[in-house]
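In what follows, a single structure is set out as structure tokens and then discussed.
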Amino acid sequence: MTTAAAPEVLVETEGKIGIVTISRPQALNALSVSVMDAVVELLGGFDRDPSIHAMVLAGLPRAFAAGADIGEMKDITGAAGAEKQLSRHLSHWDKIGLLKKPLIAAVSGFALGGGCELAMACDMIVASETAVFGQPEVLIGVIAGAGGTQRLTKAVGKALSMEMNLTGRRLTAREALSFGLVNKVVPVESYLSEAKKLAHTIAAQPPLAVQAAKASVLFAVDSKLSEGLSFERQSFFRLFDTQDQKEGMKAFAEKRKPVWTGN
Ligand code: DAK
């Protein structure tokens with residue numbers, strides 16, 4: 001069932017997955033402080049809820065999010081004022097990137113500026129054929145402030161990231177797929193169901209191993225190979241403390257499906 005957690009953010013659960021949907025159609029899902037407050041609170045709640053194993057963050061068919069709310073930023077003057085008034089808002093994007101459970105962005109239509117940064121802060125992106133990705137902040141006199149020069153560069157490489165950040169060039173969904181920014185492109189009618197399907201597939205796996213895999217892949221983005229290999233190895237060893245490791249290997253030997261307990 002879908003209930004309104006905040007007027008413009010909807011929340012529902014479906015088995016072991018939690019779904020948060022931004023619904024602010026009149027502003028193309030522009031990410032106001034109140035929208036991001038609700039998104040972070042709801043996803044944080046799912047992250048702490050042991051019955052939820054994976055999450056989906058969705059927008060609307062016309063817009064995942066056309067950016068941070070320009071109306072809330074346009075009257076800010078001076079670097080000190082910007083830092084004072086926007087730092088808490090920036091921490092919203094950081095908090096999405098710090099969630100422990102897998103989070104899939106279901107993106108259709110515009111994913112621009114803070115919207116593109118929000119999608120990139122998720123772990124995977126399922127895009128509709130109409131999805132458009134971009135960091136157009138330069139066109140309004142600023143630059144990306146929540147990861148658009150960093151995560152995008154790590155995802156698509158320096159040359160394309162430069163072009164997107166310096167000219168506002170947008171990527172179509174197909175281009176985003178070819179550059180490795182998104183996981184799959186599907187018809188607009190099915191982008192949400194495909195994102196949920198992927199979340200259900202992940203949610204059916206042993207949750208401690210899934211979370212360890214997520215943490216290890218994210219570590220790779222930020223570290224030297226030798227440090228990453230060491231991090232991965234320690235995580236691998238730690239999973240031998242879990243009952244699901246015993247169950248998974250025992251079930252394999254007994255030629256049956258494992259029954260995961262999450263312990
Ligand atoms: N903010 C507020 N309202 C927006 C908006 C936005 N980002 N994007 C669209 N809207 C509103 C429009 O003002 C319009 O409202 P009304 O005039 O009808 O009241 C409505 O949504 C429909 O938009 P359009 O009439 O413009 O629709 P079109 O189809 O003609 O054009 C568009 C769609 C997406 C190409 C266009 O709306 C557009 O260019 N939007 C702005 C895209 C953009 O520049 N995005 C980047 C914003 S800056 C940070 C955290 C995050 C960020 C920065 C710092 N920290 C806290 C430090 C991120 C910054 C950004 O995202």
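Starting from 1 in every chain, residues are counted up; chains themselves are A, B, ... following the order of the structure tokens, and ligands are numbered from 1 as listed.
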
Dump the neighbourhood of ligand 1 as number ranges by chain: all residues within 8 Å, distances computed on only C-alpha atoms and all ligand atoms.
A: 25-32, 63, 65-72, 82-83, 86-93, 110, 112-115, 117, 135-137, 139-140, 142-146

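Taking only C-alpha atoms, the non-local environment of A:Val182 within 8 Å (same-chain residues fewer than 4 positions away omitted) comprises Met124, Ile125, Val126, Ala127, Ala173, Ala176 and Leu177 of chain A.
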
Judged by only C-alpha atoms, the minimum distance to A:Lys154 among A:Pro207, A:Gly248, A:Gly59, A:Gly180 is found for A:Gly180

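For stretch 114-222 of chain A, a DSSP pass over the backbone yields strand (DSSP E) at Met124, Ile125, Val126, Ala127, Ser128, Val132, Phe133, Gly134, Leu171, Thr172, Lys184, Val185 and Val186 of chain A.
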
Just write the chosen residues, all heavy atoms, as an mmCIF file, in the first residue's frame.
data_model
loop_
_atom_site.group_PDB
_atom_site.id
_atom_site.type_symbol
_atom_site.label_atom_id
_atom_site.label_comp_id
_atom_site.auth_asym_id
_atom_site.auth_seq_id
_atom_site.Cartn_x
_atom_site.Cartn_y
_atom_site.Cartn_z
ATOM 1 N N MET A 124 22.476 1.259 -8.238
ATOM 2 C CA MET A 124 22.228 0.850 -9.625
ATOM 3 C C MET A 124 21.122 1.732 -10.168
ATOM 4 O O MET A 124 20.313 2.271 -9.397
ATOM 5 C CB MET A 124 21.787 -0.616 -9.682
ATOM 6 C CG MET A 124 22.941 -1.588 -9.530
ATOM 7 S SD MET A 124 22.359 -3.280 -9.363
ATOM 8 C CE MET A 124 22.294 -3.427 -7.595
ATOM 9 N N ILE A 125 21.101 1.850 -11.496
ATOM 10 C CA ILE A 125 20.065 2.675 -12.124
ATOM 11 C C ILE A 125 19.354 1.845 -13.193
ATOM 12 O O ILE A 125 19.997 1.315 -14.106
ATOM 13 C CB ILE A 125 20.662 3.941 -12.771
ATOM 14 C CG1 ILE A 125 21.412 4.793 -11.733
ATOM 15 C CG2 ILE A 125 19.565 4.747 -13.465
ATOM 16 C CD1 ILE A 125 22.127 6.015 -12.312
ATOM 17 N N VAL A 126 18.037 1.742 -13.055
ATOM 18 C CA VAL A 126 17.209 1.195 -14.130
ATOM 19 C C VAL A 126 16.559 2.398 -14.801
ATOM 20 O O VAL A 126 15.885 3.201 -14.143
ATOM 21 C CB VAL A 126 16.136 0.231 -13.581
ATOM 22 C CG1 VAL A 126 15.162 -0.179 -14.686
ATOM 23 C CG2 VAL A 126 16.799 -1.005 -12.969
ATOM 24 N N ALA A 127 16.787 2.549 -16.102
ATOM 25 C CA ALA A 127 16.323 3.759 -16.798
ATOM 26 C C ALA A 127 15.241 3.417 -17.814
ATOM 27 O O ALA A 127 15.290 2.364 -18.462
ATOM 28 C CB ALA A 127 17.499 4.415 -17.517
ATOM 29 N N SER A 128 14.293 4.323 -17.966
ATOM 30 C CA SER A 128 13.333 4.169 -19.058
ATOM 31 C C SER A 128 13.957 4.730 -20.332
ATOM 32 O O SER A 128 14.946 5.480 -20.281
ATOM 33 C CB SER A 128 12.021 4.895 -18.742
ATOM 34 O OG SER A 128 12.081 6.234 -19.189
ATOM 35 N N VAL A 132 16.858 11.062 -19.291
ATOM 36 C CA VAL A 132 17.861 12.029 -19.760
ATOM 37 C C VAL A 132 18.723 12.400 -18.560
ATOM 38 O O VAL A 132 18.194 12.795 -17.515
ATOM 39 C CB VAL A 132 17.172 13.317 -20.272
ATOM 40 C CG1 VAL A 132 18.214 14.341 -20.661
ATOM 41 C CG2 VAL A 132 16.262 13.020 -21.447
ATOM 42 N N PHE A 133 20.028 12.252 -18.706
ATOM 43 C CA PHE A 133 20.945 12.519 -17.590
ATOM 44 C C PHE A 133 21.806 13.740 -17.917
ATOM 45 O O PHE A 133 22.313 13.860 -19.037
ATOM 46 C CB PHE A 133 21.851 11.302 -17.347
ATOM 47 C CG PHE A 133 21.089 10.067 -16.956
ATOM 48 C CD1 PHE A 133 20.553 9.217 -17.917
ATOM 49 C CD2 PHE A 133 20.863 9.766 -15.620
ATOM 50 C CE1 PHE A 133 19.824 8.084 -17.569
ATOM 51 C CE2 PHE A 133 20.134 8.635 -15.253
ATOM 52 C CZ PHE A 133 19.626 7.797 -16.231
ATOM 53 N N GLY A 134 22.009 14.608 -16.933
ATOM 54 C CA GLY A 134 22.869 15.754 -17.208
ATOM 55 C C GLY A 134 23.212 16.540 -15.969
ATOM 56 O O GLY A 134 22.551 16.430 -14.922
ATOM 57 N N LEU A 171 22.841 13.246 -21.620
ATOM 58 C CA LEU A 171 22.933 11.899 -22.193
ATOM 59 C C LEU A 171 21.543 11.297 -22.315
ATOM 60 O O LEU A 171 20.734 11.405 -21.380
ATOM 61 C CB LEU A 171 23.742 10.972 -21.281
ATOM 62 C CG LEU A 171 25.222 11.246 -21.049
ATOM 63 C CD1 LEU A 171 25.805 10.110 -20.225
ATOM 64 C CD2 LEU A 171 25.967 11.397 -22.370
ATOM 65 N N THR A 172 21.273 10.645 -23.439
ATOM 66 C CA THR A 172 20.047 9.856 -23.537
ATOM 67 C C THR A 172 20.249 8.576 -22.713
ATOM 68 O O THR A 172 21.379 8.236 -22.335
ATOM 69 C CB THR A 172 19.765 9.446 -24.996
ATOM 70 O OG1 THR A 172 20.831 8.571 -25.413
ATOM 71 C CG2 THR A 172 19.680 10.663 -25.909
ATOM 72 N N LYS A 184 20.340 -0.862 -17.017
ATOM 73 C CA LYS A 184 19.528 -1.316 -18.146
ATOM 74 C C LYS A 184 18.571 -0.224 -18.572
ATOM 75 O O LYS A 184 18.252 0.679 -17.789
ATOM 76 C CB LYS A 184 18.796 -2.613 -17.839
ATOM 77 C CG LYS A 184 17.862 -2.560 -16.656
ATOM 78 C CD LYS A 184 16.869 -3.689 -16.696
ATOM 79 C CE LYS A 184 17.491 -5.030 -16.317
ATOM 80 N NZ LYS A 184 16.496 -6.103 -16.271
ATOM 81 N N VAL A 185 18.125 -0.334 -19.829
ATOM 82 C CA VAL A 185 17.136 0.606 -20.373
ATOM 83 C C VAL A 185 15.923 -0.205 -20.792
ATOM 84 O O VAL A 185 16.054 -1.216 -21.497
ATOM 85 C CB VAL A 185 17.710 1.362 -21.589
ATOM 86 C CG1 VAL A 185 16.655 2.302 -22.177
ATOM 87 C CG2 VAL A 185 18.951 2.145 -21.191
ATOM 88 N N VAL A 186 14.760 0.233 -20.338
ATOM 89 C CA VAL A 186 13.534 -0.533 -20.585
ATOM 90 C C VAL A 186 12.435 0.434 -21.047
ATOM 91 O O VAL A 186 12.561 1.656 -20.858
ATOM 92 C CB VAL A 186 13.092 -1.274 -19.295
ATOM 93 C CG1 VAL A 186 14.149 -2.275 -18.847
ATOM 94 C CG2 VAL A 186 12.780 -0.290 -18.172
#

Enumerate, as a ChimeraX atom specification, the complete set of residues in stretch 73-251 of chain A that a backbone-based DSSP assignment places in alpha helix (DSSP H).
/A:73,79-97,114-121,151-156,158-167,173-178,191-203,207-222,225-238,243-251

Quick one: residues within 12 Å of A:Ala212, only C-alpha atoms, excluding same-chain residues fewer than 5 positions away - as an MDAnalysis selection string?
chainID A and resid 100:102 205:207 217:219 231:239 242

With only C-alpha atoms as the basis for distance, which of A:Ala131, A:Leu60, A:Val259, A:Val11 is at the shortest distance from A:Ala204?
A:Val259

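One distance worth recording is that between atom CA of A:Gly262 and atom CA of A:Ser226, which is 29.7 Å.
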
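Using only C-alpha atoms, the smallest distance between any of A:Ile76, A:Ala54, A:Ala38, A:Ala159 and A:Leu208 comes from A:Ala54.
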
Any idea what's packed within 12 Å of A:Lys196, counting only C-alpha atoms, ignoring anything in its chain fewer than 3 positions away? Could you give it as a short mmCIF file (atom, residue, chain, number, x, y, z; two decimals) with N, CA, C and O atoms, in the first residue's frame?
data_model
loop_
_atom_site.label_atom_id
_atom_site.label_comp_id
_atom_site.auth_asym_id
_atom_site.auth_seq_id
_atom_site.Cartn_x
_atom_site.Cartn_y
_atom_site.Cartn_z
N GLU A 12 6.03 2.77 0.11
CA GLU A 12 5.30 1.50 0.16
C GLU A 12 6.31 0.37 0.34
O GLU A 12 7.53 0.55 0.12
N THR A 13 5.81 -0.78 0.73
CA THR A 13 6.66 -1.97 0.78
C THR A 13 6.02 -3.05 -0.08
O THR A 13 4.79 -3.04 -0.30
N GLU A 14 6.85 -3.95 -0.58
CA GLU A 14 6.36 -5.06 -1.40
C GLU A 14 7.25 -6.24 -1.03
O GLU A 14 8.40 -6.30 -1.47
N GLY A 15 6.77 -7.11 -0.18
CA GLY A 15 7.63 -8.20 0.31
C GLY A 15 8.82 -7.62 1.06
O GLY A 15 8.66 -6.80 1.97
N LYS A 16 10.02 -8.02 0.63
CA LYS A 16 11.22 -7.56 1.34
C LYS A 16 11.81 -6.28 0.75
O LYS A 16 12.96 -5.95 1.05
N ILE A 17 11.08 -5.61 -0.13
CA ILE A 17 11.64 -4.37 -0.67
C ILE A 17 10.82 -3.15 -0.24
O ILE A 17 9.61 -3.22 -0.07
N GLY A 18 11.53 -2.04 -0.08
CA GLY A 18 10.89 -0.78 0.28
C GLY A 18 11.02 0.17 -0.91
O GLY A 18 12.08 0.25 -1.53
N ILE A 19 9.94 0.87 -1.22
CA ILE A 19 9.94 1.76 -2.39
C ILE A 19 9.56 3.17 -1.94
O ILE A 19 8.54 3.38 -1.28
N VAL A 20 10.39 4.13 -2.33
CA VAL A 20 10.11 5.54 -2.06
C VAL A 20 9.97 6.24 -3.41
O VAL A 20 10.81 6.08 -4.30
N ALA A 54 16.14 -4.71 0.34
CA ALA A 54 16.60 -3.87 -0.78
C ALA A 54 15.58 -2.75 -0.97
O ALA A 54 14.42 -2.86 -0.55
N MET A 55 16.03 -1.66 -1.63
CA MET A 55 15.18 -0.47 -1.75
C MET A 55 15.18 0.06 -3.17
O MET A 55 16.15 -0.11 -3.91
N VAL A 56 14.09 0.73 -3.51
CA VAL A 56 13.97 1.40 -4.81
C VAL A 56 13.63 2.86 -4.55
O VAL A 56 12.77 3.17 -3.73
N LEU A 57 14.32 3.76 -5.25
CA LEU A 57 13.98 5.18 -5.22
C LEU A 57 13.51 5.56 -6.62
O LEU A 57 14.28 5.45 -7.59
N ALA A 58 12.26 5.97 -6.71
CA ALA A 58 11.67 6.24 -8.03
C ALA A 58 11.25 7.69 -8.15
O ALA A 58 11.01 8.38 -7.15
N PRO A 102 21.19 -2.28 -0.47
CA PRO A 102 21.19 -1.88 -1.88
C PRO A 102 20.01 -0.98 -2.22
O PRO A 102 18.88 -1.22 -1.76
N LEU A 103 20.30 0.04 -3.02
CA LEU A 103 19.28 1.02 -3.42
C LEU A 103 19.33 1.18 -4.93
O LEU A 103 20.38 1.50 -5.51
N ILE A 104 18.19 0.95 -5.56
CA ILE A 104 18.11 1.04 -7.02
C ILE A 104 17.31 2.27 -7.40
O ILE A 104 16.19 2.47 -6.89
N ALA A 105 17.86 3.09 -8.29
CA ALA A 105 17.13 4.25 -8.79
C ALA A 105 16.31 3.82 -10.00
O ALA A 105 16.84 3.19 -10.91
N ALA A 106 15.03 4.16 -9.98
CA ALA A 106 14.14 3.91 -11.13
C ALA A 106 13.94 5.26 -11.81
O ALA A 106 13.21 6.11 -11.31
N MET A 124 22.48 1.26 -8.24
CA MET A 124 22.23 0.85 -9.62
C MET A 124 21.12 1.73 -10.17
O MET A 124 20.31 2.27 -9.40
N ILE A 125 21.10 1.85 -11.50
CA ILE A 125 20.06 2.67 -12.12
C ILE A 125 19.35 1.85 -13.19
O ILE A 125 20.00 1.32 -14.11
N VAL A 126 18.04 1.74 -13.06
CA VAL A 126 17.21 1.19 -14.13
C VAL A 126 16.56 2.40 -14.80
O VAL A 126 15.89 3.20 -14.14
N SER A 190 7.58 0.13 -18.10
CA SER A 190 8.05 -0.92 -17.18
C SER A 190 9.28 -0.53 -16.35
O SER A 190 9.85 -1.38 -15.68
N TYR A 191 9.66 0.77 -16.36
CA TYR A 191 10.90 1.08 -15.64
C TYR A 191 10.77 0.81 -14.14
O TYR A 191 11.70 0.32 -13.50
N LEU A 192 9.57 1.08 -13.58
CA LEU A 192 9.41 0.87 -12.14
C LEU A 192 9.33 -0.63 -11.83
O LEU A 192 9.97 -1.11 -10.88
N SER A 193 8.56 -1.36 -12.64
CA SER A 193 8.45 -2.81 -12.37
C SER A 193 9.80 -3.51 -12.55
O SER A 193 10.13 -4.44 -11.81
N ALA A 199 15.29 -5.35 -7.50
CA ALA A 199 15.35 -5.27 -6.03
C ALA A 199 14.90 -6.58 -5.39
O ALA A 199 15.51 -7.06 -4.42
N HIS A 200 13.85 -7.20 -5.95
CA HIS A 200 13.38 -8.48 -5.40
C HIS A 200 14.46 -9.56 -5.58
O HIS A 200 14.63 -10.41 -4.70
N THR A 201 15.15 -9.53 -6.72
CA THR A 201 16.20 -10.53 -6.95
C THR A 201 17.30 -10.39 -5.90
O THR A 201 17.79 -11.37 -5.33
N ILE A 202 17.67 -9.15 -5.63
CA ILE A 202 18.71 -8.90 -4.60
C ILE A 202 18.17 -9.29 -3.23
O ILE A 202 18.89 -9.91 -2.42
N ALA A 203 16.90 -8.93 -2.97
CA ALA A 203 16.32 -9.18 -1.64
C ALA A 203 16.20 -10.68 -1.33
O ALA A 203 16.08 -11.07 -0.17
#

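Of the listed residues A:Lys158, A:His53, A:Ser23, A:Thr149, the one whose atoms come nearest to A:Trp260 is A:His53, with distances taken using only C-alpha atoms.
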